[in-house]
Amino acid sequence: MSFWQLHPNVKLRIVMNFILNALTNMFTPFMAVYFAKTLGTTVAGVAAILSVVVGLLSGVISGHYADRIGRKKLMIVGETTAGVALLVMALVNSPWMESAPLTLIMVLLMSAGTGLMRPAFDAMLIDVSTPESRPVMYRIMYWSNNLSFSIAGMLGAYFFSHYLFELFLFVAVVTLIAVAVTQLFILETLPKALETENAAGKRTGRSLKSTSLLLSYGKVFKDKTFLMFVIGMCLVNSVEKNLYEYMGIRLEAQMHGAAWLPWLDARVDGLAMQGYLRTENTLLVVVLSLFIGKLFRRSDGRMMLFAIFLNVIGYAYLAYGNLPAVLLLFMLIATIGELLYVPIMQSLEADIIPEDSRSAYLAIGGMGYQLGIIIAGLNVILGGFIPSGGMALMIFLTGIAAIFILMSVIQRVAGQKAPVQTTAGQSTT
């Protein structure tokens with residue numbers, strides 16, 4: 001399957017997301033610096049935490065209502081909210097006025113808008129895809145997202161430093177254009193069964209829309225298979241995010257003029273090495289994503305577990321090693337694992353989630369992703385007390401725990417499907 005064979009909704013949103021991600025990532029990584037300079041480092045830290053919390057809370061709300069009023073409506077509300085916030089951010093960072101406090105409020109509002117859109121968007125992708133097409137769809141999206149991040153990384157600092165007002169204004173206009181495109185061309189994908197159930201509920205006075213938020217998420221938290229998946233995904237993500245947290249700090253502290261290889265004179269320090277590793281990861285993802293699906297055609301659970309193991313081995317060494325050339329080699333191993341497991345894991349998540357609660361499940365899945373980032377942040381604190389060898393062992397064991405948890409999830413999913421397949425087979429004989 002190719003890009004052109006995907007559902008029109010998916011093709012359109014991949015293009016739109018590529019543009020929006022490239023633009024928004026030209027300023028979001030630098031907002032902490034902006035607030036540190038204008039409001040102080042304490043406020044900058046609080047702002048970063050609040051942004052995550054607001055995004056999570058709005059995602060919970062979206063996950064509840066997107067299964068009731070539709071995906072498209074929540075996507076439009078979320079993107080409109082973000083677009084309006086960006087317009088105000090442009091105004092309060094314009095030649096006519098400057099206001100860091102208002103900028104902070106609008107950043108939080110933009111986080112709320114993004115949080116509202118994300119579960120509805122993710123549910124829409126599952127609605128219009130099949131188990132066979134999802135690995136291809138997620139692989140293309142993963143490549144597109146990383147390409148947009150690399151473009152933003154090359155251009156963002158320049159535009160943020162010299163054309164902040166114009167950048168905010170342009171992103172706001174493009175975001176509002178995306179709202180119009182969604183309204184005109186994106187089809188509503190809420191499953192017919194949910195629409196029928198909701199319509200029947202209206203006649204009896206018990207509409208799905210009236211179902212409480214707690215009841216909606218109570219179903220999710222009773223699903224042990226999905227919760228195990230979220231925990232496994234969280235642990236895997238925490239291993240990978242160490243590249244941007246603990247590993248960067250460790251390299252800067254421990255690597256001082258290290259030779260690339262013992263017999264070479266060329267040397268590099270830790271800060272530059274961190275930059276090389278990040279660049280290698282980004283370039284490999286952008287380039288290899290185009291070929292990895294053809295080189296490794298298997299997309300089952302065993303391949304996912306093997307790929308996670310490669311990823312864990314790579315990052316465990318990055319938490320300990322100090323030989324630059326070998327670090328690059330293990331970054332290659334970790335990235336190959338990342339490229340292989342991400343689309344398969346996303347497809348597994350889609351298979352686990354029931355049709356009538358997709359957005360709610362995806363909202364909780366998003367929380368697991370954020371929790372992985374928090375765990376990686378805690379490793380920075382632990383790294384101040386535990387030597388790098390101990391941290392490498394801890395990261396390795398975290399990854400191994402994730403593999404065993406996800407192995408159990410795969411077995412549970414296979415066990416749930418088997419009776420259905422047997423019954424189907426008996427009915428056809």
# chains A, B, ... in the order shown; residues from 1 in each chain; ligands from 1
$ closest_atom_pairs --of "segment 239-352 of chain A" --to "segment 135-150 of chain A" --cutoff "9 Å" --atoms "only C-alpha atoms" --output "JSON lines"
{"residue": "A:Thr279", "atom": "CA", "partner": "A:Ser150", "partner_atom": "CA", "distance": 8.5}
{"residue": "A:Thr282", "atom": "CA", "partner": "A:Ser150", "partner_atom": "CA", "distance": 6.6}
{"residue": "A:Leu283", "atom": "CA", "partner": "A:Ser150", "partner_atom": "CA", "distance": 7.9}
{"residue": "A:Val285", "atom": "CA", "partner": "A:Trp143", "partner_atom": "CA", "distance": 6.7}
{"residue": "A:Val286", "atom": "CA", "partner": "A:Trp143", "partner_atom": "CA", "distance": 5.6}
{"residue": "A:Val287", "atom": "CA", "partner": "A:Trp143", "partner_atom": "CA", "distance": 8.4}
{"residue": "A:Leu288", "atom": "CA", "partner": "A:Trp143", "partner_atom": "CA", "distance": 8.8}
{"residue": "A:Ser289", "atom": "CA", "partner": "A:Trp143", "partner_atom": "CA", "distance": 5.8}
{"residue": "A:Leu290", "atom": "CA", "partner": "A:Trp143", "partner_atom": "CA", "distance": 7.6}
{"residue": "A:Gly293", "atom": "CA", "partner": "A:Val136", "partner_atom": "CA", "distance": 7.8}
{"residue": "A:Ser299", "atom": "CA", "partner": "A:Pro135", "partner_atom": "CA", "distance": 7.3}
{"residue": "A:Leu339", "atom": "CA", "partner": "A:Arg139", "partner_atom": "CA", "distance": 8.0}
{"residue": "A:Leu340", "atom": "CA", "partner": "A:Arg139", "partner_atom": "CA", "distance": 8.9}
{"residue": "A:Val342", "atom": "CA", "partner": "A:Arg139", "partner_atom": "CA", "distance": 7.8}
{"residue": "A:Pro343", "atom": "CA", "partner": "A:Pro135", "partner_atom": "CA", "distance": 5.1}
{"residue": "A:Ile344", "atom": "CA", "partner": "A:Pro135", "partner_atom": "CA", "distance": 5.8}
{"residue": "A:Met345", "atom": "CA", "partner": "A:Pro135", "partner_atom": "CA", "distance": 8.8}
{"residue": "A:Gln346", "atom": "CA", "partner": "A:Tyr138", "partner_atom": "CA", "distance": 7.1}
{"residue": "A:Ser347", "atom": "CA", "partner": "A:Pro135", "partner_atom": "CA", "distance": 6.0}
$ residues_around --residues "Ser111 of chain A" --least-positions-apart "3" --cutoff "10 Å" --atoms "only C-alpha atoms" --output "MDAnalysis selection string"
chainID A and resid 50:59 78 81:82 85 105:108 114:117
$ residues_around --residues "Leu393 of chain A" --least-positions-apart "5" --cutoff "9 Å" --atoms "only C-alpha atoms" --output "compact mmCIF listing (two decimals) with C-alpha atoms, in the first residue's frame"
# COMPACT_ATOMS: atom_id res chain seq x y z
CA ALA A 316 21.49 1.72 27.41
CA ALA A 319 23.75 6.21 28.94
CA TYR A 320 27.19 4.77 29.69
CA SER A 388 26.41 6.23 34.68
CA THR A 398 13.15 -0.47 32.23
$ select_by_dssp --residues "segment 126-335 of chain A" --states "helix (DSSP H, G or I)" --output "number ranges by chain"
A: 126-127, 134-162, 164-185, 192-204, 208-210, 213-221, 224-241, 246-254, 270-288, 292-295, 301-318, 324-335
$ write_last_selection --atoms "C-alpha atoms" --output "compact mmCIF listing (two decimals), in the first residue's frame"
# COMPACT_ATOMS: atom_id res chain seq x y z
CA ILE A 126 -8.33 4.49 13.20
CA ASP A 127 -11.90 4.95 11.92
CA ARG A 134 -2.28 1.00 9.63
CA PRO A 135 1.45 0.11 9.70
CA VAL A 136 1.89 1.92 6.37
CA MET A 137 -0.22 4.89 7.49
CA TYR A 138 1.64 5.29 10.78
CA ARG A 139 5.03 4.84 9.12
CA ILE A 140 4.26 7.65 6.63
CA MET A 141 3.01 9.90 9.42
CA TYR A 142 6.08 9.15 11.52
CA TRP A 143 8.35 10.06 8.63
CA SER A 144 6.34 13.21 7.88
CA ASN A 145 6.44 14.36 11.50
CA ASN A 146 10.19 13.87 11.80
CA LEU A 147 10.84 15.64 8.50
CA SER A 148 8.79 18.61 9.71
CA PHE A 149 10.75 18.64 12.99
CA SER A 150 14.07 18.66 11.13
CA ILE A 151 12.96 21.56 8.93
CA ALA A 152 11.77 23.46 12.00
CA GLY A 153 15.07 22.77 13.73
CA MET A 154 17.05 24.28 10.86
CA LEU A 155 14.93 27.42 10.48
CA GLY A 156 13.23 27.95 13.84
CA ALA A 157 15.97 29.72 15.79
CA TYR A 158 16.47 32.31 13.05
CA PHE A 159 12.80 33.19 12.61
CA PHE A 160 12.15 33.14 16.36
CA SER A 161 15.02 35.55 17.00
CA HIS A 162 14.38 37.99 14.15
CA LEU A 164 8.72 36.59 16.08
CA PHE A 165 5.65 38.71 15.27
CA GLU A 166 5.60 37.60 11.64
CA LEU A 167 6.12 33.97 12.68
CA PHE A 168 3.18 33.98 15.12
CA LEU A 169 0.97 35.76 12.59
CA PHE A 170 1.82 33.40 9.75
CA VAL A 171 1.26 30.27 11.87
CA ALA A 172 -2.08 31.69 13.05
CA VAL A 173 -3.25 32.30 9.49
CA VAL A 174 -2.17 28.83 8.34
CA THR A 175 -3.90 27.25 11.36
CA LEU A 176 -7.18 29.02 10.57
CA ILE A 177 -6.85 27.98 6.92
CA ALA A 178 -6.49 24.40 8.20
CA VAL A 179 -9.77 24.88 10.10
CA ALA A 180 -11.49 25.88 6.86
CA VAL A 181 -10.00 22.90 5.02
CA THR A 182 -11.20 20.55 7.76
CA GLN A 183 -14.69 22.05 7.64
CA LEU A 184 -14.94 21.79 3.85
CA PHE A 185 -13.09 18.60 2.95
CA LYS A 192 -22.41 4.45 12.40
CA ALA A 193 -23.02 2.18 15.38
CA LEU A 194 -22.32 5.07 17.75
CA GLU A 195 -24.55 7.43 15.76
CA THR A 196 -27.36 4.86 15.80
CA GLU A 197 -26.93 4.20 19.52
CA ASN A 198 -26.92 7.91 20.26
CA ALA A 199 -30.05 8.45 18.17
CA ALA A 200 -31.79 5.58 19.94
CA GLY A 201 -30.72 7.02 23.28
CA LYS A 202 -32.34 10.34 22.44
CA ARG A 203 -35.69 8.62 21.93
CA THR A 204 -35.44 6.92 25.31
CA LEU A 208 -24.62 8.80 24.85
CA LYS A 209 -23.89 12.52 25.12
CA SER A 210 -25.32 12.49 28.63
CA LEU A 213 -17.12 11.63 31.91
CA LEU A 214 -16.26 9.40 34.89
CA LEU A 215 -18.38 6.57 33.49
CA SER A 216 -16.74 7.00 30.09
CA TYR A 217 -13.22 6.66 31.50
CA GLY A 218 -14.27 4.04 34.03
CA LYS A 219 -14.59 1.64 31.10
CA VAL A 220 -11.03 2.44 30.00
CA PHE A 221 -9.54 1.87 33.45
CA LYS A 224 -6.53 -4.46 31.93
CA THR A 225 -5.11 -5.27 28.51
CA PHE A 226 -5.13 -1.64 27.42
CA LEU A 227 -3.72 -0.40 30.74
CA MET A 228 -0.87 -2.90 30.44
CA PHE A 229 -0.24 -1.60 26.92
CA VAL A 230 -0.14 2.01 28.19
CA ILE A 231 2.35 1.06 30.92
CA GLY A 232 4.55 -0.75 28.41
CA MET A 233 4.37 2.15 25.95
CA CYS A 234 5.17 4.58 28.77
CA LEU A 235 8.31 2.65 29.75
CA VAL A 236 9.51 2.36 26.14
CA ASN A 237 8.99 6.08 25.63
CA SER A 238 10.87 6.89 28.84
CA VAL A 239 13.90 4.98 27.53
CA GLU A 240 13.95 6.96 24.29
CA LYS A 241 13.36 10.37 25.91
CA TYR A 246 19.78 12.44 31.26
CA MET A 247 22.09 11.43 28.40
CA GLY A 248 22.67 14.98 27.22
CA ILE A 249 23.60 16.13 30.73
CA ARG A 250 25.86 13.09 31.26
CA LEU A 251 27.76 13.62 28.02
CA GLU A 252 28.36 17.29 28.78
CA ALA A 253 29.69 16.41 32.24
CA GLN A 254 31.83 13.37 31.32
CA GLY A 270 30.00 16.20 25.23
CA LEU A 271 27.81 19.10 24.17
CA ALA A 272 28.78 18.75 20.51
CA MET A 273 28.39 14.96 20.77
CA GLN A 274 24.83 15.40 21.99
CA GLY A 275 24.13 17.55 18.93
CA TYR A 276 25.64 14.91 16.62
CA LEU A 277 23.52 12.15 18.17
CA ARG A 278 20.31 14.15 17.84
CA THR A 279 21.14 15.07 14.26
CA GLU A 280 21.98 11.45 13.43
CA ASN A 281 18.69 10.27 14.93
CA THR A 282 16.66 12.83 12.97
CA LEU A 283 18.43 12.21 9.65
CA LEU A 284 18.22 8.44 10.00
CA VAL A 285 14.50 8.62 10.75
CA VAL A 286 13.87 10.87 7.74
CA VAL A 287 15.98 8.79 5.33
CA LEU A 288 15.44 5.22 6.56
CA ILE A 292 12.57 0.34 6.36
CA GLY A 293 9.09 -0.96 5.55
CA LYS A 294 10.36 -2.66 2.39
CA LEU A 295 13.48 -4.09 4.03
CA GLY A 301 4.28 -8.60 17.64
CA ARG A 302 7.58 -10.50 17.53
CA MET A 303 9.11 -7.92 15.23
CA MET A 304 7.91 -5.15 17.57
CA LEU A 305 9.49 -6.80 20.62
CA PHE A 306 12.77 -7.40 18.75
CA ALA A 307 12.78 -3.77 17.58
CA ILE A 308 12.19 -2.50 21.12
CA PHE A 309 15.12 -4.66 22.29
CA LEU A 310 17.37 -3.02 19.68
CA ASN A 311 16.17 0.39 20.84
CA VAL A 312 16.83 -0.44 24.50
CA ILE A 313 20.32 -1.84 23.80
CA GLY A 314 21.20 1.32 21.89
CA TYR A 315 20.02 3.75 24.54
CA ALA A 316 21.49 1.72 27.41
CA TYR A 317 24.94 2.12 25.86
CA LEU A 318 24.32 5.81 25.19
CA PRO A 324 32.16 8.94 20.13
CA ALA A 325 32.31 6.58 17.13
CA VAL A 326 30.73 3.74 19.12
CA LEU A 327 28.05 6.11 20.41
CA LEU A 328 27.12 6.87 16.79
CA LEU A 329 26.96 3.12 16.05
CA PHE A 330 24.61 2.45 18.96
CA MET A 331 22.50 5.47 17.98
CA LEU A 332 22.08 3.75 14.59
CA ILE A 333 20.98 0.53 16.32
CA ALA A 334 18.54 2.42 18.57
CA THR A 335 17.07 4.34 15.63
$ select_by_dssp --residues "segment 252-391 of chain A" --states "strand (DSSP E)" --output "list in words"
Ala258, Ala259, Arg267 and Val268 of chain A
$ atom_distance --atom1 "atom CA of Ala32 of chain A" --atom2 "atom CA of Gly45 of chain A"
7.4 Å
